[in-house]
Each structure stands twice: as C-alpha cells, then as structure tokens.
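Participant: Input structure: entry-v6.pdb, which contains PDB, C-alpha atoms (C1' of nucleotides).
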```pdb
ATOM      1  CA  MET E 244     -31.009   2.621  -1.276
ATOM      2  CA  ARG E 245     -34.162   0.572  -1.231
ATOM      3  CA  GLY E 246     -33.442  -0.484  -4.785
ATOM      4  CA  GLY E 247     -30.651  -2.744  -3.622
ATOM      5  CA  GLY E 248     -32.844  -4.563  -1.143
ATOM      6  CA  TYR E 249     -31.663  -2.400   1.729
ATOM      7  CA  LYS E 250     -33.860  -0.860   4.359
ATOM      8  CA  ALA E 251     -34.077   2.829   5.083
ATOM      9  CA  THR E 252     -33.682   2.744   8.832
ATOM     10  CA  PRO E 253     -33.539   5.727  11.201
ATOM     11  CA  GLN E 254     -29.948   4.816  12.031
ATOM     12  CA  ARG E 255     -28.846   4.953   8.429
ATOM     13  CA  THR E 256     -30.636   8.217   7.940
ATOM     14  CA  ALA E 257     -28.925   9.647  11.001
ATOM     15  CA  VAL E 258     -25.444   8.623   9.860
ATOM     16  CA  LEU E 259     -26.058   9.991   6.404
ATOM     17  CA  ARG E 260     -27.334  13.238   7.868
ATOM     18  CA  ALA E 261     -24.164  13.483   9.960
ATOM     19  CA  LEU E 262     -22.041  12.981   6.862
ATOM     20  CA  ILE E 263     -23.919  15.683   5.035
ATOM     21  CA  GLU E 264     -23.242  18.192   7.801
ATOM     22  CA  GLU E 265     -19.500  18.122   7.345
ATOM     23  CA  GLN E 266     -16.889  16.486   5.141
ATOM     24  CA  HIS E 267     -13.768  14.589   6.292
ATOM     25  CA  GLN E 268     -15.048  13.660   9.721
ATOM     26  CA  SER E 269     -13.403  11.088  11.918
ATOM     27  CA  LEU E 270     -15.478   8.257  13.286
ATOM     28  CA  GLU E 271     -15.821   9.991  16.630
ATOM     29  CA  GLU E 272     -16.983  13.190  14.992
ATOM     30  CA  ILE E 273     -19.638  11.305  13.088
ATOM     31  CA  ARG E 274     -20.646   9.472  16.240
ATOM     32  CA  ALA E 275     -21.021  12.737  18.117
ATOM     33  CA  ARG E 276     -23.544  13.876  15.524
ATOM     34  CA  CYS E 277     -25.717  10.789  15.964
ATOM     35  CA  PRO E 278     -25.115   9.511  19.499
ATOM     36  CA  GLU E 279     -28.278   7.446  19.361
ATOM     37  CA  VAL E 280     -26.730   5.116  16.790
ATOM     38  CA  GLY E 281     -24.611   2.235  18.052
ATOM     39  CA  LEU E 282     -20.913   2.080  17.218
ATOM     40  CA  VAL E 283     -21.233  -1.107  15.209
ATOM     41  CA  THR E 284     -24.079   0.291  13.180
ATOM     42  CA  VAL E 285     -22.076   3.386  12.319
ATOM     43  CA  TYR E 286     -19.256   1.201  11.020
ATOM     44  CA  ARG E 287     -21.668  -0.986   9.097
ATOM     45  CA  THR E 288     -23.459   1.974   7.596
ATOM     46  CA  LEU E 289     -20.185   3.529   6.489
ATOM     47  CA  ASP E 290     -19.230   0.205   4.907
ATOM     48  CA  LEU E 291     -22.549  -0.044   3.123
ATOM     49  CA  LEU E 292     -22.460   3.533   1.890
ATOM     50  CA  GLY E 293     -18.924   2.880   0.766
ATOM     51  CA  GLU E 294     -19.971  -0.129  -1.281
ATOM     52  CA  LEU E 295     -22.747   1.934  -2.802
ATOM     53  CA  GLY E 296     -20.165   4.525  -3.795
ATOM     54  CA  ILE E 297     -21.813   7.215  -1.674
ATOM     55  CA  VAL E 298     -19.070   7.514   0.914
ATOM     56  CA  ARG E 299     -15.307   7.362   0.697
ATOM     57  CA  ARG E 300     -12.819   6.594   3.468
ATOM     58  CA  LEU E 301      -9.683   8.711   3.588
ATOM     59  CA  ASP E 302      -6.429   8.620   5.502
ATOM     60  CA  LEU E 303      -4.792  12.000   5.193
ATOM     61  CA  GLY E 304      -2.185  11.169   7.772
ATOM     62  CA  ASP E 305      -4.196  11.077  10.988
ATOM     63  CA  GLY E 306      -6.352   8.000  10.684
ATOM     64  CA  SER E 307      -9.642   7.249   8.992
ATOM     65  CA  ARG E 308     -11.917  10.021   7.881
ATOM     66  CA  TYR E 309     -15.086   9.783   5.859
ATOM     67  CA  GLU E 310     -16.609  12.001   3.216
ATOM     68  CA  LEU E 311     -19.458  12.024   0.755
ATOM     69  CA  ALA E 312     -18.237  11.091  -2.685
ATOM     70  CA  GLU E 313     -20.899  12.993  -4.574
ATOM     71  CA  TYR E 314     -18.525  15.026  -6.666
ATOM     72  CA  HIS E 315     -14.929  14.715  -7.738
ATOM     73  CA  HIS E 316     -12.658  16.918  -5.661
ATOM     74  CA  HIS E 317      -9.227  17.172  -4.119
ATOM     75  CA  HIS E 318      -7.838  18.218  -0.752
ATOM     76  CA  MET E 319      -5.541  20.865   0.610
ATOM     77  CA  ILE E 320      -4.268  19.901   4.046
ATOM     78  CA  CYS E 321      -2.635  22.489   6.284
ATOM     79  CA  GLU E 322       0.187  20.769   8.143
ATOM     80  CA  SER E 323       0.146  23.564  10.666
ATOM     81  CA  CYS E 324      -3.457  23.636  11.881
ATOM     82  CA  GLY E 325      -4.693  20.426  10.298
ATOM     83  CA  ASN E 326      -7.488  22.129   8.423
ATOM     84  CA  ILE E 327      -8.698  20.327   5.334
ATOM     85  CA  SER E 328     -10.192  22.258   2.451
ATOM     86  CA  GLU E 329     -11.466  21.069  -0.887
ATOM     87  CA  PHE E 330     -11.096  22.217  -4.422
ATOM     88  CA  GLN E 331     -12.769  20.926  -7.512
ATOM     89  CA  GLU E 332     -10.616  22.305 -10.283
ATOM     90  CA  CYS E 333      -8.470  19.379 -11.301
ATOM     91  CA  PRO E 334      -4.900  20.396 -12.130
ATOM     92  CA  LEU E 335      -4.180  17.026 -13.719
ATOM     93  CA  ASP E 336      -2.970  17.281 -17.252
ATOM     94  CA  PRO E 337      -3.703  13.939 -18.969
ATOM     95  CA  LYS E 338      -1.123  14.750 -21.598
ATOM     96  CA  LEU E 339       1.495  14.490 -18.889
ATOM     97  CA  LEU E 340       0.538  10.987 -17.815
ATOM     98  CA  PRO E 341       3.547   8.690 -17.906
ATOM     99  CA  PRO E 342       4.249   6.166 -20.671
ATOM    100  CA  GLU E 343       3.945   3.301 -18.182
ATOM    101  CA  SER E 344       0.294   4.130 -17.905
ATOM    102  CA  ALA E 345      -0.292   3.349 -21.564
ATOM    103  CA  ASP E 346      -1.799  -0.044 -20.794
ATOM    104  CA  PHE E 347      -3.237   0.990 -17.447
ATOM    105  CA  GLU E 348      -6.937   1.739 -17.567
ATOM    106  CA  VAL E 349      -7.489   4.776 -15.379
ATOM    107  CA  TRP E 350     -10.715   4.707 -13.404
ATOM    108  CA  SER E 351     -10.135   7.467 -10.914
ATOM    109  CA  HIS E 352      -7.464   9.355  -9.067
ATOM    110  CA  SER E 353      -6.872  11.206  -5.849
ATOM    111  CA  LEU E 354      -4.757  14.260  -5.264
ATOM    112  CA  GLU E 355      -3.783  15.871  -2.000
ATOM    113  CA  VAL E 356      -1.839  19.072  -1.579
ATOM    114  CA  TYR E 357       0.022  19.567   1.694
ATOM    115  CA  GLY E 358       1.347  22.865   2.974
ATOM    116  CA  ARG E 359       0.320  25.839   5.067
ATOM    117  CA  CYS E 360      -2.984  27.630   4.785
ATOM    118  CA  GLY E 361      -3.411  31.393   4.544
ATOM    119  CA  ALA E 362      -4.523  31.750   8.162
ATOM    120  CA  CYS E 363      -1.382  30.015   9.438
ATOM    121  CA  ARG E 364       1.089  32.107   7.451
TER     122      ARG E 364
ATOM    123  CA  MET O 206      21.664   9.100  11.285
ATOM    124  CA  ARG O 207      24.433   9.426  13.820
ATOM    125  CA  GLY O 208      24.417  13.138  13.208
ATOM    126  CA  GLY O 209      21.160  13.516  15.074
ATOM    127  CA  GLY O 210      22.430  11.763  18.172
ATOM    128  CA  TYR O 211      20.912   8.466  17.108
ATOM    129  CA  LYS O 212      22.659   5.124  17.238
ATOM    130  CA  ALA O 213      23.163   2.882  14.266
ATOM    131  CA  THR O 214      21.904  -0.364  15.717
ATOM    132  CA  PRO O 215      21.615  -3.723  13.947
ATOM    133  CA  GLN O 216      17.822  -3.525  14.304
ATOM    134  CA  ARG O 217      17.620  -0.191  12.536
ATOM    135  CA  THR O 218      19.905  -1.435   9.822
ATOM    136  CA  ALA O 219      17.740  -4.514   9.362
ATOM    137  CA  VAL O 220      14.510  -2.522   9.079
ATOM    138  CA  LEU O 221      16.080  -0.119   6.622
ATOM    139  CA  ARG O 222      17.411  -3.013   4.569
ATOM    140  CA  ALA O 223      13.901  -4.491   4.478
ATOM    141  CA  LEU O 224      12.498  -1.181   3.266
ATOM    142  CA  ILE O 225      15.113  -0.992   0.529
ATOM    143  CA  GLU O 226      14.155  -4.432  -0.767
ATOM    144  CA  GLU O 227      10.637  -3.420  -1.699
ATOM    145  CA  GLN O 228       8.419  -0.366  -1.672
ATOM    146  CA  HIS O 229       4.884  -0.103  -0.208
ATOM    147  CA  GLN O 230       5.202  -2.950   2.245
ATOM    148  CA  SER O 231       2.753  -3.546   5.047
ATOM    149  CA  LEU O 232       4.055  -3.878   8.571
ATOM    150  CA  GLU O 233       3.838  -7.659   8.398
ATOM    151  CA  GLU O 234       5.777  -7.745   5.152
ATOM    152  CA  ILE O 235       8.523  -5.652   6.671
ATOM    153  CA  ARG O 236       8.523  -7.833   9.774
ATOM    154  CA  ALA O 237       8.880 -10.960   7.663
ATOM    155  CA  ARG O 238      12.071  -9.536   6.180
ATOM    156  CA  CYS O 239      13.641  -8.929   9.572
ATOM    157  CA  PRO O 240      12.063 -11.429  11.975
ATOM    158  CA  GLU O 241      14.870 -10.914  14.469
ATOM    159  CA  VAL O 242      13.667  -7.389  15.205
ATOM    160  CA  GLY O 243      10.942  -6.962  17.799
ATOM    161  CA  LEU O 244       7.569  -5.556  16.812
ATOM    162  CA  VAL O 245       7.943  -2.473  18.968
ATOM    163  CA  THR O 246      11.323  -1.700  17.518
ATOM    164  CA  VAL O 247       9.990  -1.935  13.979
ATOM    165  CA  TYR O 248       7.290   0.593  14.823
ATOM    166  CA  ARG O 249       9.781   2.860  16.545
ATOM    167  CA  THR O 250      12.240   2.645  13.691
ATOM    168  CA  LEU O 251       9.550   3.479  11.160
ATOM    169  CA  ASP O 252       8.559   6.451  13.306
ATOM    170  CA  LEU O 253      12.129   7.626  13.553
ATOM    171  CA  LEU O 254      12.800   7.226   9.843
ATOM    172  CA  GLY O 255       9.555   9.043   9.240
ATOM    173  CA  GLU O 256      10.646  11.995  11.351
ATOM    174  CA  LEU O 257      13.949  12.039   9.511
ATOM    175  CA  GLY O 258      12.030  12.216   6.250
ATOM    176  CA  ILE O 259      13.470   8.922   5.027
ATOM    177  CA  VAL O 260      10.272   6.912   5.190
ATOM    178  CA  ARG O 261       6.676   7.739   4.406
ATOM    179  CA  ARG O 262       3.548   5.986   5.623
ATOM    180  CA  LEU O 263       0.770   5.451   3.089
ATOM    181  CA  ASP O 264      -2.796   4.272   3.197
ATOM    182  CA  LEU O 265      -3.851   3.343  -0.291
ATOM    183  CA  GLY O 266      -7.086   1.802   0.886
ATOM    184  CA  ASP O 267      -5.898  -1.342   2.668
ATOM    185  CA  GLY O 268      -4.169  -0.079   5.770
ATOM    186  CA  SER O 269      -0.718   1.277   6.503
ATOM    187  CA  ARG O 270       2.125   0.727   4.101
ATOM    188  CA  TYR O 271       5.611   2.144   4.210
ATOM    189  CA  GLU O 272       7.981   3.322   1.524
ATOM    190  CA  LEU O 273      11.307   5.074   1.164
ATOM    191  CA  ALA O 274      10.767   8.725   0.405
ATOM    192  CA  GLU O 275      14.028   9.197  -1.473
ATOM    193  CA  TYR O 276      12.469  10.586  -4.604
ATOM    194  CA  HIS O 277       9.183  12.225  -5.511
ATOM    195  CA  HIS O 278       6.829   9.768  -7.185
ATOM    196  CA  HIS O 279       3.213   8.775  -7.569
ATOM    197  CA  HIS O 280       1.275   5.528  -7.521
ATOM    198  CA  MET O 281      -0.873   3.532  -9.877
ATOM    199  CA  ILE O 282      -3.005   1.062  -7.963
ATOM    200  CA  CYS O 283      -4.713  -1.805  -9.766
ATOM    201  CA  GLU O 284      -8.085  -2.326  -8.139
ATOM    202  CA  SER O 285      -8.230  -5.783  -9.658
ATOM    203  CA  CYS O 286      -5.014  -7.408  -8.450
ATOM    204  CA  GLY O 287      -3.919  -4.824  -5.911
ATOM    205  CA  ASN O 288      -0.564  -4.274  -7.553
ATOM    206  CA  ILE O 289       1.045  -0.915  -6.856
ATOM    207  CA  SER O 290       3.389   0.626  -9.372
ATOM    208  CA  GLU O 291       5.208   3.915  -9.319
ATOM    209  CA  PHE O 292       5.803   6.657 -11.790
ATOM    210  CA  GLN O 293       7.919   9.738 -11.461
ATOM    211  CA  GLU O 294       6.646  11.940 -14.227
ATOM    212  CA  CYS O 295       4.383  14.396 -12.485
ATOM    213  CA  PRO O 296       1.266  15.174 -14.523
ATOM    214  CA  LEU O 297       0.408  18.126 -12.319
ATOM    215  CA  ASP O 298       0.033  21.358 -14.168
ATOM    216  CA  PRO O 299       0.668  24.216 -11.710
ATOM    217  CA  LYS O 300      -1.142  26.588 -14.024
ATOM    218  CA  LEU O 301      -4.301  24.644 -13.256
ATOM    219  CA  LEU O 302      -4.070  25.051  -9.499
ATOM    220  CA  PRO O 303      -7.279  26.523  -8.123
ATOM    221  CA  PRO O 304      -7.720  30.144  -7.069
ATOM    222  CA  GLU O 305      -8.404  29.086  -3.473
ATOM    223  CA  SER O 306      -4.809  27.961  -3.305
ATOM    224  CA  ALA O 307      -3.551  31.503  -3.872
ATOM    225  CA  ASP O 308      -2.762  32.029  -0.209
ATOM    226  CA  PHE O 309      -1.951  28.391   0.490
ATOM    227  CA  GLU O 310       1.750  27.651   0.589
ATOM    228  CA  VAL O 311       2.243  24.329  -1.143
ATOM    229  CA  TRP O 312       4.907  22.145   0.408
ATOM    230  CA  SER O 313       4.203  18.822  -1.244
ATOM    231  CA  HIS O 314       1.500  16.762  -2.829
ATOM    232  CA  SER O 315       0.491  13.185  -3.396
ATOM    233  CA  LEU O 316      -1.251  11.693  -6.373
ATOM    234  CA  GLU O 317      -2.668   8.233  -6.786
ATOM    235  CA  VAL O 318      -4.203   6.786  -9.919
ATOM    236  CA  TYR O 319      -6.657   3.928  -9.519
ATOM    237  CA  GLY O 320      -7.755   1.566 -12.263
ATOM    238  CA  ARG O 321      -6.822  -1.716 -13.902
ATOM    239  CA  CYS O 322      -3.330  -2.687 -14.881
ATOM    240  CA  GLY O 323      -2.311  -4.123 -18.233
ATOM    241  CA  ALA O 324      -2.011  -7.670 -16.913
ATOM    242  CA  CYS O 325      -5.565  -7.629 -15.559
ATOM    243  CA  ARG O 326      -7.188  -6.387 -18.744
TER     244      ARG O 326
ATOM    245  C1'  DC Z   8     -54.251  -2.642   7.977
ATOM    246  C1'  DC Z   9     -51.745  -6.881   9.245
ATOM    247  C1'  DG Z  10     -48.503 -10.728   9.306
ATOM    248  C1'  DG Z  11     -44.247 -12.850   7.754
ATOM    249  C1'  DT Z  12     -39.626 -12.535   6.820
ATOM    250  C1'  DA Z  13     -35.374 -10.914   5.307
ATOM    251  C1'  DA Z  14     -32.829  -7.314   6.809
ATOM    252  C1'  DC Z  15     -31.120  -4.749  10.614
ATOM    253  C1'  DT Z  16     -29.452  -3.399  15.305
ATOM    254  C1'  DG Z  17     -26.629  -3.314  19.435
ATOM    255  C1'  DA Z  18     -24.112  -5.357  23.365
ATOM    256  C1'  DA Z  19     -20.482  -8.162  24.215
ATOM    257  C1'  DA Z  20     -16.565 -10.472  22.872
ATOM    258  C1'  DA Z  21     -12.858 -10.934  19.776
ATOM    259  C1'  DA Z  22      -9.385  -9.542  16.642
ATOM    260  C1'  DT Z  23      -6.207  -6.288  14.971
ATOM    261  C1'  DT Z  24      -3.262  -2.513  15.185
ATOM    262  C1'  DC Z  25      -0.505   0.545  17.520
ATOM    263  C1'  DT Z  26       1.534   2.716  21.957
ATOM    264  C1'  DT Z  27       3.371   2.851  26.625
ATOM    265  C1'  DT Z  28       6.071   1.118  30.333
ATOM    266  C1'  DC Z  29      10.124  -0.404  32.386
ATOM    267  C1'  DA Z  30      14.067  -3.136  33.384
ATOM    268  C1'  DA Z  31      17.988  -4.814  30.954
ATOM    269  C1'  DC Z  32      21.301  -3.960  27.224
ATOM    270  C1'  DT Z  33      24.600  -1.574  23.907
ATOM    271  C1'  DA Z  34      26.832   1.785  20.627
ATOM    272  C1'  DG Z  35      30.074   4.918  20.572
ATOM    273  C1'  DG Z  36      32.409   8.966  22.623
ATOM    274  C1'  DA Z  37      35.787  10.187  26.373
TER     275       DA Z  37
ATOM    276  C1'  DT M  39      38.012   0.380  28.756
ATOM    277  C1'  DC M  40      34.406   2.782  30.997
ATOM    278  C1'  DC M  41      30.339   5.533  31.133
ATOM    279  C1'  DT M  42      26.055   6.933  29.753
ATOM    280  C1'  DA M  43      22.538   8.445  26.757
ATOM    281  C1'  DG M  44      20.159   6.048  23.783
ATOM    282  C1'  DT M  45      18.012   1.577  22.541
ATOM    283  C1'  DT M  46      15.616  -2.815  22.879
ATOM    284  C1'  DG M  47      11.840  -6.139  23.729
ATOM    285  C1'  DA M  48       8.314  -8.395  26.612
ATOM    286  C1'  DA M  49       4.261  -7.416  28.656
ATOM    287  C1'  DA M  50       0.559  -4.594  29.426
ATOM    288  C1'  DG M  51      -2.443  -1.167  27.712
ATOM    289  C1'  DA M  52      -5.078   1.594  24.548
ATOM    290  C1'  DA M  53      -7.390   2.394  20.341
ATOM    291  C1'  DT M  54      -9.711   0.858  16.434
ATOM    292  C1'  DT M  55     -12.348  -2.296  13.769
ATOM    293  C1'  DT M  56     -14.786  -6.841  13.156
ATOM    294  C1'  DT M  57     -17.547 -10.859  14.470
ATOM    295  C1'  DT M  58     -21.242 -13.092  16.851
ATOM    296  C1'  DC M  59     -25.830 -13.708  18.057
ATOM    297  C1'  DA M  60     -30.217 -12.908  20.054
ATOM    298  C1'  DG M  61     -33.747  -9.694  19.703
ATOM    299  C1'  DT M  62     -36.013  -5.988  16.725
ATOM    300  C1'  DT M  63     -37.934  -3.680  12.592
ATOM    301  C1'  DA M  64     -38.887  -2.047   7.787
ATOM    302  C1'  DC M  65     -41.554  -3.120   4.239
ATOM    303  C1'  DC M  66     -43.695  -6.302   0.877
ATOM    304  C1'  DG M  67     -47.725  -9.005  -0.146
ATOM    305  C1'  DG M  68     -52.214 -10.035   0.991
TER     306       DG M  68
END
```
As structure tokens - that is how I would like this structure written.

Facilitator:
Amino acid sequence: MRGGGYKATPQRTAVLRALIEEQHQSLEEIRARCPEVGLVTVYRTLDLLGELGIVRRLDLGDGSRYELAEYHHHHMICESCGNISEFQECPLDPKLLPPESADFEVWSHSLEVYGRCGACR
Amino acid sequence: MRGGGYKATPQRTAVLRALIEEQHQSLEEIRARCPEVGLVTVYRTLDLLGELGIVRRLDLGDGSRYELAEYHHHHMICESCGNISEFQECPLDPKLLPPESADFEVWSHSLEVYGRCGACR
DNA sequence: CCGGTAACTGAAAAATTCTTTCAACTAGGA
DNA sequence: TCCTAGTTGAAAGAATTTTTCAGTTACCGG
C-alpha cells in the first residue's frame, strides 16, 4: 500500500476491515460496517483497492458487490434465497477451450453457477 | 409474445430488431438503433423480454449490456480493446464440480474469459 | 520531534442510470 | 367497429456513482 505512494489512513483500514469480514457485500453493507467513513471515500477506496488488484467488483444480477480477490474462486448463487457461496475447485477443462481462443491470450476467467441451494430444496 | 397476453407493438418490434442486429449492446447502443422508441419503453421492453427468457442482462465490467439468450454461450473479453466475442463450446467438466455443490441444484451457469485478443497481440 | 507537502477526506453538487406516475393512446378480440 | 386491457412517453423521482474543492492528515526528511 505505502509502496505505491499511498497513505495508510484510518478510513482505508476501516473499509478493508469491512471487506475482510464478509465477501460479496453491497456498498450499503460495507458502509454499515464502517459508518464513520464518508460515502465518497468508500467509493474511492474500493476503486483504489480495485486498481491494486486487492478487490473485485461483481454484478451477479442484483447490482454491484465487492469482494477480496486474494484467491481464485467461483460462485454458486441460489436464485431462491439469493445466497452466494464460493468454491475454489475449478471445473474448467482447458482442453475443452474453443478453437477461436487459439490466438486469444487468456489472463483470467470467471464462472458463476446459478440454481437452488440445499436449504431451499 | 401474444400468448402471454402481451401486445406486439411497433416499439417492441423495434427493440427486438435492435437486439438481433448485435449482441452485448449497452442501453445507449440499443437506443441508437431505435431512436423512435422512448427511453422508458426500451427499459420496459428489456424487462419484459428478460422475464420471457428472451433477453439477458450482463455486466462484464463496464455496466449493463443486453443480449439475446437464444442459445447457451460464453464470452471472451479483450481487456485491451474491449471487444467481446462468443463461443459455444462449453469447457466445463461436470466431473470437476466441487463437493459443496452436491446438494446444490444447478440450473445454469455463466463463464467469461478475460485476456487479450489476437488483434491486440 | 517538527515542519512541509503531496495525498487524502467529506460535503455538496453534478452526472448517470434506472423506476414510477399518470394521462393519453392502441392492438386486437368480440 | 367498438371496447378495453395493455401500452406508451413525458415528467418527476429515486438510486447510484462521480466530480469539485476547501480543509485536513500521513509520513518523509531534517
């Protein structure tokens, strides 16, 4: 953080702490966890952390959500209760990548599985 | 369309025609293809087509985009030029689905590949 | 420990995006 | 052709995100 010429302010610490507490939070959920930080600063901090590759913005169908990007993972979204869960096993089989991708340099990918969770069945 | 008690209006036809012309358009791109249709009506038509399962809303990182959902496909997004291409071969290997998903009923999934396209390399 | 400064913050205003309201209009069945 | 449920669009409203700018602060160098 400081390496890039950025300051470690209490506000940034608070937002980061909020993000650590739970994944996939909406802006309002994050705000609720650090009410002392101004709205604009929350947005700016999320932007900054995004540029640093620490945070990722998602839209899983109900607007912006934010999560730490520490590790590669995917999402299972229950269309019944809205619960979002993660899994890290990656079911992508590179052998099955399409021919069109031959000259496409793959940097990353995202995978979301939609359906109904155990509790809702 | 008429089956569900909906009317086939010129506005709905125009929006649908715009969607057929190109995939992954932003709202403004769609609007530009049917300037005679009011903003509100475009939103409402996209909603309606969404409920009917004809149209899908996406957020690939730069806000809402809309596409026909006729066939199952995935996206390759070039982070250099922003170009979005589709592929239909699905590189998902069900055998590799995680154990947590055992009691999750999978209805659908989405997969996006990010990187750099051939032209940008 | 202290001062200087580039970086940061927050309130207000602005911009953007999307939704609601409501009076007028129309597609399509009777 | 008439009737009516469904549809449209302008305006207003709500929600979300960005910009501006004056005041504040972290932290580096001394």

Participant: Name the residues that the PyMOL selection byres ((chain M and resi 53) around 10) picks from the file above, as number ranges by chain, using the file's chain letters and numbers.

Facilitator: Z: 24-26; M: 51-52, 54-55

Participant: Counting all atoms listed in the file, which residues sit no farther than 12 Å from the position (-9.2, -11.6, 14.9) in the file's frame? I'd like them as a PDB file with C-alpha atoms (C1' of nucleotides), keeping the file's coordinate frame.

Facilitator:
```
ATOM      1  C1'  DA Z  20     -16.565 -10.472  22.872  1.00  0.00           C
ATOM      2  C1'  DA Z  21     -12.858 -10.934  19.776  1.00  0.00           C
ATOM      3  C1'  DA Z  22      -9.385  -9.542  16.642  1.00  0.00           C
ATOM      4  C1'  DT Z  23      -6.207  -6.288  14.971  1.00  0.00           C
ATOM      5  C1'  DT Z  24      -3.262  -2.513  15.185  1.00  0.00           C
TER       6       DT Z  24
ATOM      7  C1'  DT M  55     -12.348  -2.296  13.769  1.00  0.00           C
ATOM      8  C1'  DT M  56     -14.786  -6.841  13.156  1.00  0.00           C
ATOM      9  C1'  DT M  57     -17.547 -10.859  14.470  1.00  0.00           C
TER      10       DT M  57
END
```

Participant: Could you check how far atom CA of O:Leu316 sits from atom CA of E:Arg299, in Å to one decimal?

Facilitator: 16.3 Å

Participant: Between atom C1' of M:DT45 and atom CA of O:Met206, measure the distance and give it in Å to one decimal.

Facilitator: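 Atom C1' of M:DT45 sits 14.0 Å away from atom CA of O:Met206.
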
Participant: How would you write as a list of chain:residue names the residues that get within 12 Å of (20.8, -4.3, 11.6) in the file's frame, counting only C-alpha atoms (C1' of nucleotides)?

Facilitator: O:Lys212, O:Ala213, O:Thr214, O:Pro215, O:Gln216, O:Arg217, O:Thr218, O:Ala219, O:Val220, O:Leu221, O:Arg222, O:Ala223, O:Arg238, O:Cys239, O:Pro240, O:Glu241, O:Val242, O:Gly243, O:Thr246, O:Val247, O:Thr250

Participant: For Z:DT27, which residue out of M:DA49, M:DT63, M:DG68, M:DT58 is the nearest one, using all atoms listed in the file?

Facilitator: M:DA49
